[in-house]
>>> print(open('entry.txt').read())   # compact mmCIF, C-alpha atoms
# COMPACT_ATOMS: atom_id res chain seq x y z
CA MET A 62 -45.15 77.19 24.27
CA ASN A 63 -42.92 74.63 25.97
CA THR A 64 -44.79 71.78 24.22
CA ARG A 65 -44.42 73.56 20.85
CA LEU A 66 -40.70 74.01 21.43
CA ALA A 67 -40.33 70.39 22.53
CA LEU A 68 -42.26 69.20 19.44
CA LEU A 69 -40.13 71.40 17.16
CA LEU A 70 -36.90 70.07 18.71
CA LEU A 71 -38.17 66.48 18.36
CA LEU A 72 -39.00 67.01 14.65
CA LEU A 73 -35.61 68.63 14.12
CA ALA A 74 -33.87 65.69 15.80
CA VAL A 75 -35.80 63.15 13.68
CA ALA A 76 -35.09 65.07 10.47
CA THR A 77 -31.39 65.36 11.34
CA GLY A 78 -31.17 61.62 12.08
CA TRP A 79 -32.93 60.78 8.80
CA PHE A 80 -30.60 63.09 6.85
CA LEU A 81 -27.47 61.60 8.44
CA GLN A 82 -28.56 58.01 7.74
CA LYS A 83 -29.79 58.58 4.18
CA PRO A 84 -27.32 57.04 1.68
CA ASP A 85 -25.53 59.56 -0.49
CA THR A 86 -25.90 58.15 -4.01
CA GLY A 87 -23.60 60.72 -5.54
CA SER A 88 -20.50 60.03 -3.44
CA PRO A 89 -17.70 57.80 -4.77
CA ALA A 90 -17.87 55.59 -1.66
CA SER A 91 -21.46 54.58 -2.40
CA THR A 92 -20.73 53.65 -6.02
CA ALA A 93 -17.65 51.51 -5.24
CA ARG A 94 -17.90 47.74 -5.80
CA LYS A 95 -18.70 45.69 -2.78
CA GLN A 96 -15.91 43.52 -1.44
CA GLY A 97 -16.32 39.80 -0.92
CA PRO A 98 -17.95 36.93 -2.77
CA ASP A 99 -21.19 37.27 -4.70
CA MET A 100 -21.87 33.54 -5.03
CA PHE A 101 -20.93 30.31 -3.28
CA ALA A 102 -21.90 26.65 -3.46
CA ASP A 103 -21.00 23.34 -1.82
CA GLN A 104 -20.50 19.91 -3.38
CA ILE A 105 -20.13 20.93 -7.03
CA ASP A 106 -20.53 18.09 -9.55
CA VAL A 107 -20.55 18.93 -13.27
CA THR A 108 -20.20 16.67 -16.34
CA VAL A 109 -19.53 18.29 -19.73
CA MET A 110 -20.74 16.34 -22.78
CA ASN A 111 -19.84 16.51 -26.48
CA GLU A 112 -22.39 17.05 -29.27
CA SER A 113 -23.30 13.37 -29.35
CA GLY A 114 -23.89 13.18 -25.60
CA GLN A 115 -20.65 11.43 -24.65
CA PRO A 116 -18.94 12.75 -21.48
CA LEU A 117 -15.78 14.81 -22.16
CA TYR A 118 -14.85 15.67 -18.60
CA HIS A 119 -16.22 15.64 -15.09
CA ILE A 120 -15.44 18.32 -12.46
CA THR A 121 -16.14 18.22 -8.74
CA ALA A 122 -15.19 20.48 -5.81
CA ASP A 123 -16.11 20.58 -2.14
CA HIS A 124 -16.66 24.36 -2.19
CA LEU A 125 -16.93 27.05 -4.85
CA ILE A 126 -16.79 30.79 -4.20
CA HIS A 127 -17.07 33.45 -6.91
CA SER A 128 -15.29 36.76 -6.49
CA PRO A 129 -16.58 39.63 -8.67
CA ASP A 130 -13.26 41.47 -8.26
CA THR A 131 -11.32 38.75 -10.13
CA ASP A 132 -14.15 37.13 -12.14
CA ARG A 133 -12.85 33.76 -10.99
CA PHE A 134 -14.18 30.88 -8.97
CA ASP A 135 -12.11 29.71 -6.00
CA LEU A 136 -12.35 25.95 -5.52
CA THR A 137 -11.65 23.73 -2.52
CA LEU A 138 -10.47 20.19 -3.32
CA PRO A 139 -11.01 20.43 -7.08
CA PHE A 140 -11.06 17.23 -9.15
CA ILE A 141 -11.31 16.77 -12.90
CA GLU A 142 -11.58 13.54 -14.86
CA LEU A 143 -10.75 13.88 -18.56
CA LYS A 144 -12.65 11.08 -20.29
CA ARG A 145 -10.85 9.27 -23.12
CA ALA A 146 -12.50 6.91 -25.62
CA THR A 147 -9.57 4.52 -25.08
CA GLY A 148 -10.45 4.20 -21.39
CA ASP A 149 -7.17 5.85 -20.35
CA ASN A 150 -8.91 8.58 -18.34
CA TRP A 151 -6.82 11.26 -16.61
CA ASN A 152 -7.73 12.31 -13.04
CA ILE A 153 -6.30 15.54 -11.59
CA THR A 154 -6.68 16.69 -7.97
CA SER A 155 -5.28 19.39 -5.70
CA GLU A 156 -6.00 21.05 -2.36
CA ARG A 157 -7.35 24.24 -3.92
CA GLY A 158 -7.87 25.81 -7.31
CA GLN A 159 -9.31 28.57 -9.42
CA MET A 160 -11.46 28.54 -12.54
CA THR A 161 -12.38 31.24 -15.04
CA ASP A 162 -16.01 32.28 -15.38
CA LYS A 163 -16.17 30.40 -18.71
CA GLY A 164 -14.62 27.26 -17.22
CA ASP A 165 -12.06 27.10 -20.04
CA GLU A 166 -9.07 27.33 -17.68
CA LEU A 167 -8.59 25.68 -14.30
CA TRP A 168 -5.62 26.26 -12.03
CA PHE A 169 -4.88 23.37 -9.69
CA LEU A 170 -2.92 25.08 -6.91
CA GLY A 171 -0.64 23.66 -4.27
CA LYS A 172 0.25 19.97 -4.40
CA VAL A 173 -1.20 18.41 -7.59
CA ASN A 174 -1.68 14.71 -8.34
CA ILE A 175 -2.39 13.39 -11.83
CA HIS A 176 -3.33 9.75 -12.43
CA ARG A 177 -3.81 8.02 -15.75
CA MET A 178 -6.36 5.30 -15.15
CA GLY A 179 -6.86 2.36 -17.44
CA GLY A 180 -4.50 -0.04 -19.19
CA ARG A 181 -1.23 1.79 -18.49
CA PRO A 182 -1.42 3.45 -15.06
CA LEU A 183 0.79 6.48 -14.49
CA HIS A 184 1.18 8.90 -11.57
CA ILE A 185 2.44 12.50 -11.85
CA GLN A 186 3.14 14.82 -8.92
CA THR A 187 3.67 18.55 -9.40
CA SER A 188 2.32 21.90 -8.20
CA ASP A 189 0.39 24.83 -9.66
CA LEU A 190 -0.91 23.22 -12.85
CA LEU A 191 -2.96 25.05 -15.50
CA VAL A 192 -5.54 22.79 -17.18
CA LYS A 193 -7.51 23.63 -20.34
CA PRO A 194 -10.17 20.89 -20.33
CA ASP A 195 -11.73 21.66 -23.73
CA GLU A 196 -8.30 21.33 -25.37
CA GLU A 197 -7.22 18.47 -23.06
CA LEU A 198 -3.97 20.32 -22.27
CA ALA A 199 -2.12 21.03 -19.02
CA GLU A 200 1.13 22.75 -18.14
CA THR A 201 3.35 23.80 -15.28
CA GLU A 202 6.77 25.40 -14.91
CA ASN A 203 7.37 23.64 -11.58
CA GLY A 204 9.09 20.39 -10.67
CA VAL A 205 7.46 17.20 -11.90
CA SER A 206 7.84 13.59 -10.76
CA ILE A 207 6.38 10.86 -12.97
CA SER A 208 6.21 7.22 -11.96
CA ALA A 209 4.92 4.09 -13.66
CA ALA A 210 5.59 0.37 -13.33
CA GLN A 211 8.79 0.46 -15.41
CA TYR A 212 10.19 3.96 -14.89
CA LYS A 213 10.46 7.12 -12.83
CA ILE A 214 11.19 10.53 -14.38
CA ASP A 215 11.91 13.84 -12.65
CA ALA A 216 11.93 17.13 -14.57
CA VAL A 217 11.25 20.82 -14.32
CA GLY A 218 8.27 22.00 -16.35
CA LEU A 219 5.68 19.91 -18.15
CA LYS A 220 3.30 20.33 -21.04
CA ALA A 221 0.75 17.51 -21.23
CA ASP A 222 -1.41 16.76 -24.27
CA PHE A 223 -3.91 14.28 -22.85
CA ARG A 224 -5.76 13.93 -26.16
CA ASN A 225 -2.67 12.51 -27.87
CA GLY A 226 -1.03 10.97 -24.78
CA LEU A 227 2.08 13.19 -25.00
CA LEU A 228 4.14 14.53 -22.11
CA GLU A 229 6.76 17.17 -22.93
CA PHE A 230 9.38 17.97 -20.31
CA ARG A 231 10.89 21.49 -20.22
CA SER A 232 14.30 20.99 -18.54
CA ARG A 233 16.49 19.02 -16.11
CA VAL A 234 15.09 15.64 -17.13
CA ARG A 235 16.39 12.64 -15.19
CA GLY A 236 15.01 9.13 -15.30
CA THR A 237 15.37 5.60 -14.08
CA PHE A 238 14.13 2.70 -16.21
CA ASN A 239 13.57 -0.90 -15.18
CA ALA A 240 14.08 -2.97 -18.35
CA ALA A 241 13.15 -6.21 -16.58
CA GLY A 242 9.79 -4.89 -15.28
>>> encode(input="entry.txt", output="structure tokens")
Amino acid sequence: MNTRLALLLLLLAVATGWFLQKPDTGSPASTARKQGPDMFADQIDVTVMNESGQPLYHITADHLIHSPDTDRFDLTLPFIELKRATGDNWNITSERGQMTDKGDELWFLGKVNIHRMGGRPLHIQTSDLLVKPDEELAETENGVSISAAQYKIDAVGLKADFRNGLLEFRSRVRGTFNAAG
């Protein structure tokens, strides 16, 4: 009888342990979304082409992490090169960034550097810049400092149309021009 009682208690203990560890699929806690990233990658390098196979823009990042809660990609050291047929390519870098799942909007966060490469070099410094690569547009509401060989311009807010080579300043525009240079 003692062995039967011991066996019964052992079975009861095992059944209780199984019941306590079995996931409850009907509780709200078990159906909640998991926290944290669902995808990550290192050394991202993507080139987007037009219909005729010509490169439109090139994106790189040291690290990429996707968060299902925001449906965005977090980027470390993002870089984009907007390719222009004229050779005046625009390079944009920052310390960190975010990108939508579709890749149609990129936020360059923190300190941002923009360089126009080619025949007429230009350097722009700002912060927290939104870039729409398919439309070749960028904008910020923050302070902007633009420097080239013959001038330096400071302003607050910028809308850049890289396709047409236009820079629109929002407010507080001040500049210095070197007519001799």
>>> residues_around(input="entry.txt", residues="A:Met160", least_positions_apart="4", cutoff="7 Å", atoms="only C-alpha atoms", output="list in words")
Arg133, Phe134, Asp135, Gly164, Glu166, Leu167 and Trp168 of chain A
>>> write_last_selection(input="entry.txt", atoms="C-alpha atoms", output="PDB file, in the frame of the given file")
ATOM      1  CA  ARG A 133     -12.850  33.760 -10.990  1.00  0.00           C
ATOM      2  CA  PHE A 134     -14.180  30.880  -8.970  1.00  0.00           C
ATOM      3  CA  ASP A 135     -12.110  29.710  -6.000  1.00  0.00           C
ATOM      4  CA  GLY A 164     -14.620  27.260 -17.220  1.00  0.00           C
ATOM      5  CA  GLU A 166      -9.070  27.330 -17.680  1.00  0.00           C
ATOM      6  CA  LEU A 167      -8.590  25.680 -14.300  1.00  0.00           C
ATOM      7  CA  TRP A 168      -5.620  26.260 -12.030  1.00  0.00           C
TER       8      TRP A 168
END
>>> residues_around(input="entry.txt", residues="stretch 214-225 of chain A", least_positions_apart="3", cutoff="7 Å", atoms="all atoms listed in the file", output="JSON list (two decimals) with C-alpha atoms, in the frame of the given file")
[["chain", "number", "residue", "atom", "x", "y", "z"],
["A", 197, "GLU", "CA", -7.22, 18.47, -23.06],
["A", 198, "LEU", "CA", -3.97, 20.32, -22.27],
["A", 199, "ALA", "CA", -2.12, 21.03, -19.02],
["A", 200, "GLU", "CA", 1.13, 22.75, -18.14],
["A", 201, "THR", "CA", 3.35, 23.80, -15.28],
["A", 202, "GLU", "CA", 6.77, 25.40, -14.91],
["A", 203, "ASN", "CA", 7.37, 23.64, -11.58],
["A", 204, "GLY", "CA", 9.09, 20.39, -10.67],
["A", 205, "VAL", "CA", 7.46, 17.20, -11.90],
["A", 206, "SER", "CA", 7.84, 13.59, -10.76],
["A", 207, "ILE", "CA", 6.38, 10.86, -12.97],
["A", 208, "SER", "CA", 6.21, 7.22, -11.96],
["A", 228, "LEU", "CA", 4.14, 14.53, -22.11],
["A", 229, "GLU", "CA", 6.76, 17.17, -22.93],
["A", 230, "PHE", "CA", 9.38, 17.97, -20.31],
["A", 231, "ARG", "CA", 10.89, 21.49, -20.22],
["A", 232, "SER", "CA", 14.30, 20.99, -18.54],
["A", 233, "ARG", "CA", 16.49, 19.02, -16.11],
["A", 234, "VAL", "CA", 15.09, 15.64, -17.13],
["A", 235, "ARG", "CA", 16.39, 12.64, -15.19],
["A", 236, "GLY", "CA", 15.01, 9.13, -15.30],
["A", 237, "THR", "CA", 15.37, 5.60, -14.08]]
>>> atom_distance(input="entry.txt", atom1="atom CA of A:Val173", atom2="atom CA of A:Lys193")
15.2 Å
>>> residues_near_point(input="entry.txt", point="(-6.3, 17.2, -6.0)", cutoff="9 Å", atoms="all atoms listed in the file", output="list in words")
Leu138, Pro139, Phe140, Ile141, Asn152, Ile153, Thr154, Ser155, Glu156, Arg157, Gly158, Phe169, Leu170, Gly171, Lys172, Val173, Asn174 and Ile175 of chain A
>>> atom_distance(input="entry.txt", atom1="atom CA of A:Gly226", atom2="atom CA of A:Asp195")
15.2 Å
>>> residues_around(input="entry.txt", residues="A:Asp149", least_positions_apart="2", cutoff="12 Å", atoms="only C-alpha atoms", output="PyMOL selection string")
chain A and resi 142-147+151-152+176-183+223-226
>>> closest_residue(input="entry.txt", among="A:Ala209, A:Val109, A:Ile185, A:Leu125", to="A:Asp165", atoms="only C-alpha atoms")
A:Val109
>>> atom_distance(input="entry.txt", atom1="atom CA of A:Gln104", atom2="atom CA of A:Thr161")
18.2 Å
>>> closest_residue(input="entry.txt", among="A:Thr108, A:Asn239, A:Gln159, A:Ser188", to="A:Ser128", atoms="only C-alpha atoms")
A:Gln159
>>> closest_residue(input="entry.txt", among="A:Val107, A:Ala240, A:Val192, A:Leu136", to="A:Ile120", atoms="all atoms listed in the file")
A:Val107
>>> closest_residue(input="entry.txt", among="A:Phe101, A:Leu190, A:Ala122, A:His184", to="A:Ala210", atoms="all atoms listed in the file")
A:His184
>>> axis_aligned_box(input="entry.txt", around="stretch 191-202 of chain A", padding_each_side="8 Å", output="lines of an AutoDock Vina configuration file")
center_x = -2.5
center_y = 21.9
center_z = -20.1
size_x = 34.5
size_y = 22.9
size_z = 26.5
>>> closest_residue(input="entry.txt", among="A:Thr137, A:Gln96, A:Gln186, A:Gln211", to="A:Asp123", atoms="all atoms listed in the file")
A:Thr137
